[in-house]
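Visitor: Sending over model-v7.tsv (TSV, C-alpha atoms).
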chain	number	residue	atom	x	y	z
Y	1	MET	CA	12.12	-79.98	-53.94
Y	2	ALA	CA	10.33	-78.08	-51.15
Y	3	ARG	CA	13.60	-76.39	-50.21
Y	4	THR	CA	14.15	-75.32	-53.83
Y	5	HIS	CA	10.62	-73.95	-54.00
Y	6	ALA	CA	11.16	-72.00	-50.78
Y	7	MET	CA	14.42	-70.57	-52.16
Y	8	HIS	CA	12.61	-69.48	-55.32
Y	9	ARG	CA	9.91	-67.82	-53.25
Y	10	ARG	CA	12.48	-65.97	-51.12
Y	11	TRP	CA	14.30	-64.84	-54.27
Y	12	LEU	CA	11.06	-63.65	-55.87
Y	13	ALA	CA	10.06	-61.86	-52.69
Y	14	THR	CA	13.39	-60.08	-52.57
Y	15	LEU	CA	13.12	-59.08	-56.23
Y	16	PHE	CA	9.51	-57.98	-55.77
Y	17	GLY	CA	10.43	-55.85	-52.76
Y	18	SER	CA	13.39	-54.30	-54.53
Y	19	ILE	CA	11.21	-53.30	-57.48
Y	20	ILE	CA	8.65	-51.62	-55.24
Y	21	ILE	CA	11.25	-49.83	-53.16
Y	22	GLY	CA	13.03	-48.67	-56.30
Y	23	ALA	CA	9.81	-47.40	-57.83
Y	24	MET	CA	8.81	-45.60	-54.69
Y	25	PHE	CA	12.04	-43.95	-53.70
Y	26	ALA	CA	13.79	-43.35	-57.01
Y	27	TRP	CA	12.44	-39.80	-57.03
Y	28	LEU	CA	13.68	-38.86	-53.56
Y	29	PRO	CA	16.77	-36.64	-53.33
Y	30	ARG	CA	19.79	-37.98	-51.52
Y	31	PRO	CA	19.44	-35.58	-48.59
Y	32	ALA	CA	16.00	-37.08	-47.82
Y	33	ALA	CA	17.55	-39.30	-45.18
Y	34	ALA	CA	18.23	-36.13	-43.19
Y	35	ALA	CA	14.76	-34.67	-43.77
Y	36	ASP	CA	12.40	-33.73	-40.95
Y	37	LEU	CA	10.21	-36.83	-40.46
Y	38	ARG	CA	7.09	-36.43	-38.31
Y	39	GLN	CA	4.22	-38.79	-37.53
Y	40	GLY	CA	1.62	-39.45	-34.87
Y	41	THR	CA	-1.94	-38.42	-34.10
Y	42	ASP	CA	-1.28	-34.72	-34.69
Y	43	VAL	CA	1.62	-33.00	-36.44
Y	44	THR	CA	1.97	-29.22	-36.23
Y	45	VAL	CA	4.53	-26.73	-37.45
Y	46	ALA	CA	3.73	-23.73	-35.28
Y	47	ARG	CA	3.31	-20.23	-36.70
Y	48	THR	CA	6.55	-19.08	-35.06
Y	49	GLU	CA	8.52	-22.13	-36.24
Y	50	THR	CA	10.91	-22.17	-39.22
Y	51	VAL	CA	12.04	-25.50	-40.67
Y	52	ASN	CA	15.10	-25.33	-42.91
Y	53	ASP	CA	14.56	-28.76	-44.43
Y	54	ASP	CA	12.01	-30.91	-46.22
Y	55	ILE	CA	9.15	-32.19	-44.06
Y	56	TYR	CA	7.68	-35.68	-44.45
Y	57	ALA	CA	4.59	-36.06	-42.25
Y	58	GLY	CA	1.94	-38.71	-41.67
Y	59	ALA	CA	-0.80	-38.20	-39.06
Y	60	GLY	CA	-4.51	-37.91	-38.49
Y	61	THR	CA	-4.26	-34.12	-38.49
Y	62	ILE	CA	-1.39	-32.15	-40.03
Y	63	SER	CA	-1.09	-28.37	-39.77
Y	64	ILE	CA	1.73	-26.38	-41.37
Y	65	GLU	CA	1.37	-22.86	-39.97
Y	66	GLY	CA	5.00	-21.74	-39.95
Y	67	THR	CA	7.70	-21.45	-42.60
Y	68	VAL	CA	9.23	-24.44	-44.38
Y	69	ASN	CA	12.32	-23.72	-46.43
Y	70	GLY	CA	11.96	-26.89	-48.48
Y	71	ASN	CA	9.27	-29.33	-49.61
Y	72	VAL	CA	6.26	-30.55	-47.67
Y	73	VAL	CA	5.21	-34.17	-48.30
Y	74	ALA	CA	2.25	-35.10	-46.10
Y	75	GLY	CA	-0.59	-37.59	-45.78
Y	76	GLY	CA	-3.38	-37.49	-43.21
Y	77	GLY	CA	-7.07	-37.25	-42.46
Y	78	THR	CA	-6.95	-33.44	-42.49
Y	79	VAL	CA	-4.00	-31.52	-43.93
Y	80	THR	CA	-3.81	-27.74	-43.60
Y	81	VAL	CA	-1.02	-25.59	-45.03
Y	82	SER	CA	-1.45	-21.96	-44.00
Y	83	GLY	CA	2.22	-21.03	-43.69
Y	84	ASN	CA	4.93	-20.30	-46.22
Y	85	VAL	CA	6.50	-23.20	-48.17
Y	86	THR	CA	9.41	-22.22	-50.39
Y	87	ARG	CA	9.32	-25.30	-52.63
Y	88	ASP	CA	6.66	-27.95	-53.46
Y	89	VAL	CA	3.65	-29.15	-51.46
Y	90	ILE	CA	2.79	-32.83	-52.11
Y	91	VAL	CA	-0.18	-33.94	-50.02
Y	92	GLY	CA	-2.85	-36.62	-49.80
Y	93	GLY	CA	-5.76	-36.76	-47.37
Y	94	GLY	CA	-9.45	-36.75	-46.68
Y	95	THR	CA	-9.64	-32.96	-46.36
Y	96	ILE	CA	-6.91	-30.67	-47.70
Y	97	ASN	CA	-6.71	-26.90	-47.20
Y	98	VAL	CA	-3.85	-24.84	-48.62
Y	99	THR	CA	-4.04	-21.09	-48.03
Y	100	GLY	CA	-0.37	-20.24	-47.59
Y	101	HIS	CA	2.22	-19.13	-50.15
Y	102	VAL	CA	3.80	-22.00	-52.14
Y	103	GLY	CA	7.05	-21.20	-53.93
Y	104	GLY	CA	6.93	-24.30	-56.14
Y	105	SER	CA	4.00	-26.50	-57.19
Y	106	ILE	CA	1.08	-28.14	-55.41
Y	107	ILE	CA	0.45	-31.83	-56.10
Y	108	ALA	CA	-2.58	-33.00	-54.14
Y	109	ALA	CA	-5.05	-35.88	-53.97
Y	110	GLY	CA	-7.96	-36.05	-51.54
Y	111	GLY	CA	-11.67	-36.14	-50.88
Y	112	THR	CA	-12.25	-32.40	-50.43
Y	113	LEU	CA	-9.61	-29.87	-51.48
Y	114	THR	CA	-9.64	-26.12	-50.92
Y	115	LEU	CA	-6.73	-24.11	-52.33
Y	116	ASN	CA	-6.74	-20.35	-51.77
Y	117	GLY	CA	-3.17	-19.06	-51.77
Y	118	PRO	CA	-0.57	-17.97	-54.34
Y	119	VAL	CA	1.26	-20.80	-56.13
Y	120	ALA	CA	4.37	-19.90	-58.11
Y	121	HIS	CA	4.36	-22.88	-60.47
Y	122	ASP	CA	1.75	-25.60	-61.22
Y	123	ILE	CA	-1.24	-27.09	-59.47
Y	124	VAL	CA	-1.86	-30.80	-60.12
Y	125	VAL	CA	-4.92	-31.88	-58.18
Y	126	THR	CA	-7.39	-34.76	-58.06
Y	127	GLY	CA	-10.31	-35.25	-55.69
Y	128	GLY	CA	-14.04	-35.52	-55.16
Y	129	MET	CA	-14.69	-31.81	-54.46
Y	130	ILE	CA	-12.12	-29.22	-55.58
Y	131	ASP	CA	-12.35	-25.49	-54.91
Y	132	ILE	CA	-9.53	-23.19	-56.02
Y	133	GLY	CA	-10.57	-19.79	-54.71
Y	134	SER	CA	-10.07	-16.26	-55.99
Y	135	GLY	CA	-7.35	-15.72	-53.39
Y	136	ALA	CA	-5.14	-18.18	-55.26
Y	137	THR	CA	-2.93	-17.52	-58.26
Y	138	ILE	CA	-1.46	-20.20	-60.50
Y	139	GLY	CA	1.90	-19.18	-61.97
Y	140	ARG	CA	1.98	-21.82	-64.69
Y	141	ASP	CA	-0.40	-24.71	-65.48
Y	142	LEU	CA	-3.43	-26.34	-63.87
Y	143	VAL	CA	-4.02	-30.09	-64.18
Y	144	VAL	CA	-7.35	-31.02	-62.59
Y	145	ALA	CA	-9.12	-34.37	-62.29
Y	146	GLY	CA	-12.10	-34.88	-60.04
Y	147	GLY	CA	-15.81	-35.12	-59.51
Y	148	THR	CA	-16.68	-31.42	-59.14
Y	149	ALA	CA	-14.16	-28.60	-59.51
Y	150	THR	CA	-14.54	-24.83	-59.30
Y	151	VAL	CA	-11.58	-22.61	-60.22
Y	152	SER	CA	-11.84	-18.87	-59.48
Y	153	ALA	CA	-8.09	-18.22	-59.61
Y	154	PRO	CA	-6.25	-16.75	-62.61
Y	155	ILE	CA	-4.11	-19.27	-64.51
Y	156	ALA	CA	-1.02	-18.00	-66.30
Y	157	ARG	CA	-0.76	-20.76	-68.88
Y	158	ARG	CA	-2.82	-23.86	-69.67
Y	159	VAL	CA	-5.57	-26.04	-68.21
Y	160	GLN	CA	-5.65	-29.81	-68.66
Y	161	MET	CA	-8.88	-31.30	-67.33
Y	162	SER	CA	-10.55	-34.65	-66.68
Y	163	SER	CA	-13.58	-33.90	-64.54
Y	164	GLY	CA	-17.22	-34.61	-64.00
Y	165	SER	CA	-18.02	-30.93	-63.64
Y	166	LEU	CA	-15.63	-27.99	-64.05
Y	167	THR	CA	-16.36	-24.27	-63.67
Y	168	LEU	CA	-13.74	-21.66	-64.65
Y	169	ARG	CA	-14.29	-18.12	-63.38
Y	170	ASN	CA	-11.11	-16.22	-64.22
Y	171	ARG	CA	-8.47	-15.61	-66.86
Y	172	VAL	CA	-6.60	-18.50	-68.51
Y	173	GLY	CA	-3.53	-17.42	-70.45
Y	174	GLY	CA	-3.37	-20.40	-72.83
Y	175	ASP	CA	-5.39	-23.40	-73.99
Y	176	VAL	CA	-8.02	-25.38	-72.11
Y	177	ARG	CA	-8.05	-29.05	-73.10
Y	178	GLY	CA	-9.34	-32.41	-71.89
Y	179	ARG	CA	-12.43	-34.42	-71.08
Y	180	VAL	CA	-15.32	-33.18	-68.96
Y	181	ASP	CA	-18.96	-34.03	-68.44
Y	182	HIS	CA	-20.09	-30.45	-67.80
Y	183	LEU	CA	-17.93	-27.40	-68.53
Y	184	LYS	CA	-19.02	-23.91	-67.48
Y	185	LEU	CA	-17.15	-20.69	-68.21
Y	186	ASP	CA	-18.54	-18.16	-65.75
Y	187	GLY	CA	-16.95	-14.89	-66.82
Y	188	ALA	CA	-13.74	-16.72	-67.74
Y	189	GLN	CA	-11.49	-15.29	-70.44
Y	190	ILE	CA	-9.62	-18.03	-72.33
Y	191	GLY	CA	-6.56	-16.64	-74.07
Y	192	GLY	CA	-5.97	-19.71	-76.24
Y	193	ASN	CA	-8.09	-22.50	-77.72
Y	194	LEU	CA	-10.79	-24.58	-76.07
Y	195	ASP	CA	-10.54	-28.22	-77.16
Y	196	TYR	CA	-12.66	-30.59	-75.12
Y	197	THR	CA	-14.47	-33.94	-75.20
Y	198	SER	CA	-17.95	-34.02	-73.72
Y	199	ASP	CA	-21.54	-35.11	-74.29
Y	200	ASN	CA	-22.61	-31.57	-73.39
Y	201	PRO	CA	-21.75	-28.22	-75.01
Y	202	VAL	CA	-19.80	-25.67	-72.98
Y	203	GLU	CA	-21.88	-23.14	-71.04
Y	204	LEU	CA	-20.71	-19.52	-71.40
Y	205	VAL	CA	-22.19	-16.97	-68.97
Y	206	ASN	CA	-21.37	-13.50	-67.60
Y	207	GLY	CA	-19.34	-12.42	-70.59
Y	208	ALA	CA	-17.15	-15.50	-70.86
Y	209	ARG	CA	-15.05	-15.58	-74.02
Y	210	VAL	CA	-12.65	-17.88	-75.87
Y	211	ALA	CA	-10.06	-15.91	-77.88
Y	212	GLY	CA	-9.04	-18.89	-80.02
Y	213	THR	CA	-11.04	-21.70	-81.57
Y	214	THR	CA	-13.58	-23.87	-79.75
Y	215	THR	CA	-13.61	-27.56	-80.68
Y	216	ARG	CA	-15.91	-30.08	-79.07
Y	217	HIS	CA	-15.44	-33.85	-79.50
Y	218	THR	CA	-18.31	-36.21	-78.73
Y	219	PRO	CA	-17.19	-39.40	-76.96
Y	220	LEU	CA	-17.94	-42.55	-78.91
Y	221	ASP	CA	-20.18	-44.78	-76.87
Y	222	SER	CA	-19.15	-48.28	-77.87
Y	223	ARG	CA	-20.14	-49.75	-74.54
Y	224	GLY	CA	-23.33	-51.55	-75.33
Y	225	PRO	CA	-24.70	-54.01	-72.75
Y	226	GLY	CA	-22.75	-56.93	-74.22
Y	227	ASN	CA	-19.49	-55.08	-74.70
Y	228	GLY	CA	-19.79	-53.47	-71.29
Y	229	PHE	CA	-20.14	-56.82	-69.55
Y	230	LEU	CA	-17.25	-58.36	-71.47
Y	231	ASN	CA	-14.99	-55.41	-70.72
Y	232	TRP	CA	-15.88	-55.62	-67.02
Y	233	LEU	CA	-15.27	-59.39	-67.00
Y	234	ARG	CA	-11.87	-59.03	-68.71
Y	235	GLU	CA	-10.83	-56.38	-66.21
Y	236	LEU	CA	-11.96	-58.54	-63.29
Y	237	ILE	CA	-10.15	-61.66	-64.55
Y	238	GLY	CA	-6.92	-59.75	-65.16
Y	239	ILE	CA	-6.77	-58.09	-61.76
Y	240	PHE	CA	-7.90	-61.30	-60.02
Y	241	ALA	CA	-5.04	-63.22	-61.66
Y	242	LEU	CA	-2.58	-60.64	-60.36
Y	243	GLY	CA	-4.14	-60.96	-56.91
Y	244	LEU	CA	-3.78	-64.74	-56.94
Y	245	ILE	CA	-0.07	-64.37	-57.67
Y	246	LEU	CA	0.24	-62.01	-54.72
Y	247	ILE	CA	-1.60	-64.11	-52.13
Y	248	PHE	CA	-0.05	-67.44	-53.16
Y	249	LEU	CA	3.56	-66.35	-53.68
Y	250	PHE	CA	3.64	-63.61	-51.03
Y	251	PRO	CA	0.91	-64.39	-48.47
Y	252	GLY	CA	2.75	-62.61	-45.68
Y	253	ILE	CA	3.10	-59.37	-47.61
Y	254	SER	CA	-0.55	-59.27	-48.66
Y	255	THR	CA	-1.81	-59.94	-45.11
Y	256	ARG	CA	0.51	-57.37	-43.54
Y	257	ALA	CA	-0.47	-54.81	-46.18
Y	258	ILE	CA	-4.13	-55.25	-45.22
Y	259	ASP	CA	-3.30	-54.87	-41.52
Y	260	THR	CA	-1.25	-51.75	-42.27
Y	261	LEU	CA	-4.05	-50.25	-44.36
Y	262	ARG	CA	-6.53	-50.75	-41.52
Y	263	ALA	CA	-4.15	-49.47	-38.83
Y	264	GLN	CA	-2.59	-46.53	-40.71
Y	265	PRO	CA	-5.00	-45.48	-43.47
Y	266	TRP	CA	-3.91	-41.83	-43.64
Y	267	LEU	CA	-0.20	-42.55	-43.73
Y	268	SER	CA	-0.95	-45.11	-46.46
Y	269	LEU	CA	-2.91	-42.45	-48.34
Y	270	GLY	CA	-0.06	-39.94	-48.17
Y	271	ILE	CA	2.57	-42.37	-49.39
Y	272	GLY	CA	0.21	-43.75	-52.02
Y	273	ALA	CA	-0.49	-40.24	-53.35
Y	274	ALA	CA	3.26	-39.68	-53.69
Y	275	ILE	CA	3.58	-42.99	-55.56
Y	276	LEU	CA	0.70	-42.03	-57.87
Y	277	ILE	CA	2.00	-38.61	-58.81
Y	278	ILE	CA	5.78	-38.46	-58.62
Y	279	PRO	CA	7.25	-41.48	-60.51
Y	280	PRO	CA	5.85	-40.45	-63.97
Y	281	ILE	CA	7.41	-37.01	-63.56
Y	282	VAL	CA	10.73	-38.55	-62.55
Y	283	ALA	CA	10.54	-41.05	-65.42
Y	284	LEU	CA	10.15	-38.21	-67.91
Y	285	ILE	CA	13.10	-36.32	-66.42
Y	286	VAL	CA	15.28	-39.44	-66.38
Y	287	PHE	CA	14.33	-40.21	-69.99
Y	288	ILE	CA	15.19	-36.70	-71.20
Y	289	VAL	CA	18.49	-36.62	-69.32
Y	290	GLY	CA	19.21	-40.19	-70.43
Y	291	VAL	CA	18.81	-39.26	-74.08
Y	292	LEU	CA	21.55	-36.67	-73.60
Y	293	ILE	CA	24.01	-38.55	-71.40
Y	294	GLY	CA	22.88	-42.20	-71.67
Y	295	GLY	CA	20.64	-44.46	-69.62
Y	296	TRP	CA	17.32	-43.30	-71.13
Y	297	TRP	CA	15.95	-46.83	-70.74
Y	298	LEU	CA	15.80	-46.35	-66.96
Y	299	GLY	CA	13.05	-43.77	-67.45
Y	300	VAL	CA	11.14	-46.12	-69.74
Y	301	LEU	CA	11.53	-49.00	-67.25
Y	302	LEU	CA	10.12	-46.96	-64.38
Y	303	ILE	CA	6.67	-46.60	-66.01
Y	304	PRO	CA	5.68	-50.32	-66.12
Y	305	ILE	CA	7.04	-50.74	-62.59
Y	306	TRP	CA	4.90	-47.83	-61.47
Y	307	ILE	CA	1.82	-49.31	-63.15
Y	308	LEU	CA	2.49	-52.69	-61.53
Y	309	VAL	CA	2.78	-51.14	-58.06
Y	310	LEU	CA	-0.54	-49.29	-58.49
Y	311	ALA	CA	-2.25	-52.44	-59.80
Y	312	ILE	CA	-1.03	-54.42	-56.79
Y	313	GLY	CA	-2.27	-51.60	-54.56
Y	314	TYR	CA	-5.72	-52.03	-56.10
Y	315	VAL	CA	-5.52	-55.75	-55.32
Y	316	VAL	CA	-4.64	-55.03	-51.69
Y	317	SER	CA	-7.66	-52.74	-51.34
Y	318	GLY	CA	-9.91	-55.34	-52.98
Y	319	PHE	CA	-8.60	-58.03	-50.62
Y	320	LEU	CA	-9.44	-55.82	-47.63
Y	321	VAL	CA	-12.93	-55.04	-48.97
Y	322	GLY	CA	-13.58	-58.77	-49.40
Y	323	ARG	CA	-12.49	-59.59	-45.87
Y	324	LEU	CA	-14.60	-56.80	-44.39
Y	325	LEU	CA	-17.59	-57.89	-46.46
Y	326	PHE	CA	-17.33	-61.53	-45.38
Y	327	ALA	CA	-16.86	-60.48	-41.75
Y	328	ARG	CA	-20.02	-58.39	-41.95
Y	329	LEU	CA	-21.89	-61.37	-43.42
Y	330	GLY	CA	-20.60	-63.59	-40.61
Y	331	TRP	CA	-18.76	-65.94	-42.94
Y	332	ALA	CA	-15.75	-67.87	-41.65
Y	333	GLY	CA	-13.40	-70.56	-42.91
Y	334	TYR	CA	-13.19	-69.16	-46.44
Y	335	HIS	CA	-10.06	-69.20	-48.59
Y	336	ASP	CA	-8.23	-65.91	-49.16
Y	337	ALA	CA	-8.82	-66.29	-52.91
Y	338	LEU	CA	-12.59	-66.13	-52.33
Y	339	ALA	CA	-12.26	-62.96	-50.24
Y	340	LEU	CA	-10.06	-61.46	-52.94
Y	341	LEU	CA	-12.60	-62.27	-55.66
Y	342	GLY	CA	-15.50	-60.90	-53.63
Y	343	GLY	CA	-13.70	-57.65	-52.89
Y	344	LEU	CA	-12.60	-57.15	-56.49
Y	345	VAL	CA	-16.14	-57.80	-57.77
Y	346	VAL	CA	-17.41	-55.05	-55.45
Y	347	LEU	CA	-14.67	-52.57	-56.44
Y	348	THR	CA	-14.98	-53.17	-60.18
Y	349	LEU	CA	-18.78	-52.91	-60.08
Y	350	VAL	CA	-18.59	-49.63	-58.18
Y	351	GLY	CA	-15.99	-48.55	-60.73
Y	352	LEU	CA	-18.68	-48.65	-63.44
Y	353	LEU	CA	-20.54	-45.74	-61.80
Y	354	PRO	CA	-20.00	-42.33	-63.43
Y	355	VAL	CA	-17.58	-40.03	-61.56
Y	356	LEU	CA	-17.95	-41.84	-58.22
Y	357	GLY	CA	-16.58	-45.05	-59.71
Y	358	GLY	CA	-13.44	-43.32	-60.92
Y	359	PHE	CA	-12.91	-41.69	-57.55
Y	360	VAL	CA	-13.36	-45.00	-55.68
Y	361	GLY	CA	-10.98	-46.77	-58.07
Y	362	LEU	CA	-8.37	-44.05	-57.61
Y	363	ALA	CA	-8.73	-44.27	-53.83
Y	364	ALA	CA	-8.25	-48.06	-53.98
Y	365	LEU	CA	-5.04	-47.64	-55.98
Y	366	VAL	CA	-3.62	-44.97	-53.69
Y	367	PHE	CA	-4.50	-46.50	-50.31
Y	368	GLY	CA	-3.36	-49.99	-51.31
Y	369	ALA	CA	-0.09	-48.86	-52.92
Y	370	GLY	CA	0.77	-46.78	-49.85
Y	371	ALA	CA	0.13	-49.67	-47.46
Y	372	LEU	CA	2.15	-52.03	-49.64
Y	373	ALA	CA	5.08	-49.62	-49.77
Y	374	LEU	CA	5.01	-49.28	-45.98
Y	375	VAL	CA	5.16	-53.05	-45.50
Y	376	VAL	CA	7.96	-53.59	-48.01
Y	377	SER	CA	10.03	-50.68	-46.69
Y	378	ARG	CA	9.71	-51.97	-43.11
Y	379	ARG	CA	10.70	-55.48	-44.10
Y	380	THR	CA	13.67	-54.15	-46.02
Y	381	GLY	CA	14.68	-52.04	-43.03
Y	382	MET	CA	14.41	-55.01	-40.67
Y	383	ARG	CA	16.54	-57.18	-42.95
Y	384	ALA	CA	19.14	-54.45	-43.27
Y	385	ALA	CA	19.25	-54.08	-39.48
Y	386	ALA	CA	19.53	-57.84	-38.99
Y	387	GLY	CA	22.29	-58.05	-41.59
Spit out the file's structure as structure tokens when you get a sec.
Guide:
Amino acid sequence: MARTHAMHRRWLATLFGSIIIGAMFAWLPRPAAAADLRQGTDVTVARTETVNDDIYAGAGTISIEGTVNGNVVAGGGTVTVSGNVTRDVIVGGGTINVTGHVGGSIIAAGGTLTLNGPVAHDIVVTGGMIDIGSGATIGRDLVVAGGTATVSAPIARRVQMSSGSLTLRNRVGGDVRGRVDHLKLDGAQIGGNLDYTSDNPVELVNGARVAGTTTRHTPLDSRGPGNGFLNWLRELIGIFALGLILIFLFPGISTRAIDTLRAQPWLSLGIGAAILIIPPIVALIVFIVGVLIGGWWLGVLLIPIWILVLAIGYVVSGFLVGRLLFARLGWAGYHDALALLGGLVVLTLVGLLPVLGGFVGLAALVFGAGALALVVSRRTGMRAAAG
């Protein structure tokens, strides 16, 4: 009986690992195995250096000063891109600065982000403080989610927003849509419609103008004290149940993920940011191509897998918060389930705070998912080497 149970656990662990690896790496091109992989305390591409390949970097400090004829995928404490990147820049970090020319799109998640260079395609950015300066140009769309964002760059097409505070100071070729607490148009010229959800009316100053229609939606506040508590409790119970499955069926994975998150937080952040942003894009592409040539269901399947990986990442972060909290209180001899519950209570309560709560929740998802992916990929690599 015990042997059968162990076999079931090994089979589930293998399946679980395969799902995560598939969700994480389905988007990578085949030549990625030959990409330029760099990690350590500091990673630098010197101003005189030209890299004719994609760069994947994880370090405390990352500086791309030279030319990269490919993509840059990086995660670190501080990430600076001042050189020329011919394709996409996908970065996650505490502080992100991009001032160089980007021939594709920028996809970035971090605490403080400063973007001040020409971008040929889209900017998709989320963070606590976002500043897109007047030295930047956005060739297509802007998707922005964060606490406070200021955009002084011209935007060729549309803006999709989900922010606490957003200020637009330049021309927008198309529509501006989304949810925002405070929206300010400071001299901005909106070529299309303004359609937004907010408790506060838009502020127009310095000759700001909307060429199309302006429509404001007021959010329905159905979160009375009773409903708010019940919603919080349901969320806590659901994520706690997922956490119990993780620590009881896969105790080794959960513990190693916590150790990895503590030892390599910035590498975890970079990989987690890639997991957060890229799979939905790939799922959409796979679905569209699948409708034409077959296999559309693969794109549909990728979305719930992606959501599951992010949810488990949140659990990993909650587990770590609980352990750190109990260590600070001097508690010992507790069961992992109690640490998990304590950490999740803290995270979900913080998640109720306006703006900050959303940012903390997003950070928990990204850090935890990145650490989990690192653990599973290493275990898979070790098994492949042993086999």
Visitor: So how many Å separate CA of Gly192 in chain Y and CA of His121 in chain Y, to one decimal?
Guide: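 Interatomic distance, CA of Gly192 in chain Y to CA of His121 in chain Y: 19.1 Å.
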Visitor: So, counting only C-alpha atoms, which residue among Y:Leu236, Y:Asp88, Y:Arg158, Y:Gly299 is closest to Pro279 in chain Y?
Guide: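 Looking at the shortest contact to Pro279 in chain Y, the residue is Y:Gly299.
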Visitor: Near range 346-354 of chain Y, counting all atoms listed in the file, which residues have an atom at most 9 Å away, once you skip same-chain residues fewer than 4 positions from it, shown as a PDB file with C-alpha atoms, keeping the file's coordinate frame?
Guide:
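Saved to out30.pdb:
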ATOM      1  CA  GLY Y 164     -17.220 -34.610 -64.000  1.00  0.00           C
ATOM      2  CA  TRP Y 232     -15.880 -55.620 -67.020  1.00  0.00           C
ATOM      3  CA  GLU Y 235     -10.830 -56.380 -66.210  1.00  0.00           C
ATOM      4  CA  LEU Y 236     -11.960 -58.540 -63.290  1.00  0.00           C
ATOM      5  CA  TYR Y 314      -5.720 -52.030 -56.100  1.00  0.00           C
ATOM      6  CA  SER Y 317      -7.660 -52.740 -51.340  1.00  0.00           C
ATOM      7  CA  GLY Y 318      -9.910 -55.340 -52.980  1.00  0.00           C
ATOM      8  CA  VAL Y 321     -12.930 -55.040 -48.970  1.00  0.00           C
ATOM      9  CA  GLY Y 322     -13.580 -58.770 -49.400  1.00  0.00           C
ATOM     10  CA  LEU Y 341     -12.600 -62.270 -55.660  1.00  0.00           C
ATOM     11  CA  GLY Y 342     -15.500 -60.900 -53.630  1.00  0.00           C
ATOM     12  CA  GLY Y 358     -13.440 -43.320 -60.920  1.00  0.00           C
ATOM     13  CA  PHE Y 359     -12.910 -41.690 -57.550  1.00  0.00           C
ATOM     14  CA  VAL Y 360     -13.360 -45.000 -55.680  1.00  0.00           C
ATOM     15  CA  GLY Y 361     -10.980 -46.770 -58.070  1.00  0.00           C
ATOM     16  CA  ALA Y 364      -8.250 -48.060 -53.980  1.00  0.00           C
TER      17      ALA Y 364
END
Visitor: Can you work out which one of Y:Gly66, Y:Thr380, Y:Ile281, Y:Leu308 has the shortest atom-to-atom distance to Ile239 in chain Y, counting all atoms listed in the file?
Guide: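 Ranked by minimum distance to Ile239 in chain Y, first place goes to Y:Leu308.
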Visitor: For CA of Asp175 in chain Y and CA of Val151 in chain Y, quote the distance in Å rounded to one decimal.
Guide: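 According to the coordinates, CA of Asp175 in chain Y and CA of Val151 in chain Y are separated by 15.1 Å.
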Visitor: Do you know which residues are at most 7 Å from Arg87 in chain Y counting all atoms listed in the file, after dropping those on the same chain fewer than 3 positions away, and could you put them as number ranges by chain?
Guide: Y: 70-71, 102-104
Visitor: Show me, as a list in words, the residues that have an atom within 10 Å of Ala311 in chain Y when counting only C-alpha atoms, minus same-chain residues fewer than 3 positions from it.
Guide: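 So, after excluding close chain neighbours, the residues are Ile239, Leu242, Gly243, Ile305, Trp306, Ile307, Leu308, Tyr314, Val315, Val316, Ala364, Leu365, Val366, Gly368 and Ala369 of chain Y.
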Visitor: Can you tell me, as a PyMOL selection string, what residues are no more than 12 Å from Phe248 in chain Y when counting only C-alpha atoms, ignoring any on the same chain fewer than 4 positions away?
Guide: chain Y and resi 9+13+241-244+252-255+335-337+340
Visitor: For Leu113 in chain Y, which residue among Y:Pro154, Y:Gly146, Y:Gly60, Y:Gly333 is the nearest when counting only C-alpha atoms?
Guide: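 Of Y:Pro154, Y:Gly146, Y:Gly60, Y:Gly333, the one nearest Leu113 in chain Y is Y:Gly146, counting only C-alpha atoms.
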Visitor: Please identify all polymer residues within 9 Å of range 276-278 of chain Y, counting all atoms listed in the file, omitting same-chain residues fewer than 4 positions from it, and present them as a ChimeraX atom specification.
Guide: /Y:24,27,90,107-109,124,271-272,282-283,306,310,365-366,369
Visitor: With C-alpha atoms retained, export the selected residues as an mmCIF file, in the coordinates of the input.
Guide:
data_model
loop_
_atom_site.group_PDB
_atom_site.id
_atom_site.type_symbol
_atom_site.label_atom_id
_atom_site.label_comp_id
_atom_site.auth_asym_id
_atom_site.auth_seq_id
_atom_site.Cartn_x
_atom_site.Cartn_y
_atom_site.Cartn_z
ATOM 1 C CA MET Y 24 8.810 -45.600 -54.690
ATOM 2 C CA TRP Y 27 12.440 -39.800 -57.030
ATOM 3 C CA ILE Y 90 2.790 -32.830 -52.110
ATOM 4 C CA ILE Y 107 0.450 -31.830 -56.100
ATOM 5 C CA ALA Y 108 -2.580 -33.000 -54.140
ATOM 6 C CA ALA Y 109 -5.050 -35.880 -53.970
ATOM 7 C CA VAL Y 124 -1.860 -30.800 -60.120
ATOM 8 C CA ILE Y 271 2.570 -42.370 -49.390
ATOM 9 C CA GLY Y 272 0.210 -43.750 -52.020
ATOM 10 C CA VAL Y 282 10.730 -38.550 -62.550
ATOM 11 C CA ALA Y 283 10.540 -41.050 -65.420
ATOM 12 C CA TRP Y 306 4.900 -47.830 -61.470
ATOM 13 C CA LEU Y 310 -0.540 -49.290 -58.490
ATOM 14 C CA LEU Y 365 -5.040 -47.640 -55.980
ATOM 15 C CA VAL Y 366 -3.620 -44.970 -53.690
ATOM 16 C CA ALA Y 369 -0.090 -48.860 -52.920
#
Visitor: CA of Val85 in chain Y and CA of Ser63 in chain Y are how many Å apart?
Guide: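 Taking CA of Val85 in chain Y as the start and CA of Ser63 in chain Y as the end point, the length is 12.4 Å.
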Visitor: For a cut-off of 9 Å around (3.1, -35.2, -43.6), file coordinates, pick out all residues using all atoms listed in the file and list them as a count of residues only.
Guide: 22
